[in-house]
Each structure stands twice: as C-alpha cells, then as structure tokens.
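Here the structure comes first, spelled out in structure tokens, and everything after it is commentary.
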Amino acid sequence: MRNEETTDASRLTEKHCVPCEVGTQPFDLETINGLLPMVPKWKLEDTTKIVRSFRFKNFIESMRFINEVAQLAEAEGHHPDIFVSYSYVRISLTTHNIGGLSENDFIVAAKIDEIFAKTAPKPD
C-alpha cells in the first residue's frame, strides 16, 4: 500500500460500520498498525482499544461535542466508551462483541476526528 493511501482518513470516513459476524476475529497487531496512521491522534491501548483525549474551553463545549458523537454512534450502530470531566473528554473505542478492534472502531474514530475539527475550541 502506498503511504498516501495508508494515511488517508477520508477512506474511513466514507465507510459505514457493519455488524461483525459471529466468529469474527479482532484485528491482529499488524492490521492495527496499518490503520493507526489514518487516525494519528488515537493511541492503541492493550491491543484491544484505541483512545483519544480532547480538551475544550468549558463543560458546555465538551457536552456539545459529546452530543454530536452520540448522534454519530447511533447512526453507525457502534458506541464508544466516553469519560467527561468538565473540559476534558476521553473516548475509547473497541468492538465489544469480538473482544478487540475491528474496522468499525477506526471508521468511528475518523468520524469523531471530523466532528472535533468542526467543533474544536478556536484560539482567542
């Protein structure tokens, strides 16, 4: 795969999540490492999930972002774990029913990045 293809998140944002079939195996480390450059601000944790933290000016901005993420999650049928503390949000993605990562996690991560790019706090 060429490098520009590897890091092109738009390839993920154009896709939609699909339910994992029974018996689907979670991605192996090689596959995960091939997809991580497409969502470079997300970090691998325990080889079973990807996580990212976000900062906002205040609680209202944090919740505005989380509400958009919630709408995305419902539309995609793939729901992240979300932790909110005033102006700090931490999102964790994993495919619970397979016990690890699937393409769905990377699709939602790329789409969350798009939401953040639109709602991120602007410098004063």
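Identifiers in this document derive from the order of the structure tokens: chains are assigned A, B, ..., residues are numbered from 1 separately in each chain, and ligands are numbered from 1 in order of occurrence.
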Q: Pick out the residues sitting within 10 Å of Val39 (chain A), and hand them over as a list of chain:residue names; count only C-alpha atoms, and ignore anything fewer than 4 positions along from it in its own chain.
A: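 My reading of the contact set: A:Thr7, A:Asp8, A:Ala9, A:Leu12, A:Leu35, A:Lys43, A:Ile50, A:Arg52, A:Phe106, A:Ile107, A:Ala109, A:Ala110, A:Lys111, A:Ile112, A:Asp113.
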Q. Residues at most 8 Å from Tyr86 (chain A), counting only C-alpha atoms, excluding those fewer than 4 positions away in the same chain, as a list in words?
A.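 The contact residues come out as Asn58, Phe59 and Ser62 of chain A.
Note that the spacing between CA of Thr31 (chain A) and CA of Ser10 (chain A) amounts to 17.9 Å.
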**Q.** Which of chain A DSSP labels strand (DSSP E or B), written as a PyMOL selection string
**A.** chain A and resi 43-45+49-55+81-85+88-93+95+100
Q | Surrounding residues of Phe54 (chain A) excluding itself and chain neighbours under 2 positions, 7 Å, only C-alpha atoms, as an NGL selection string | A | :A and (52 or 56 or 88-90)
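Our summary of the geometry notes that CA of Thr119 (chain A) is positioned 23.6 Å from CA of Thr94 (chain A).
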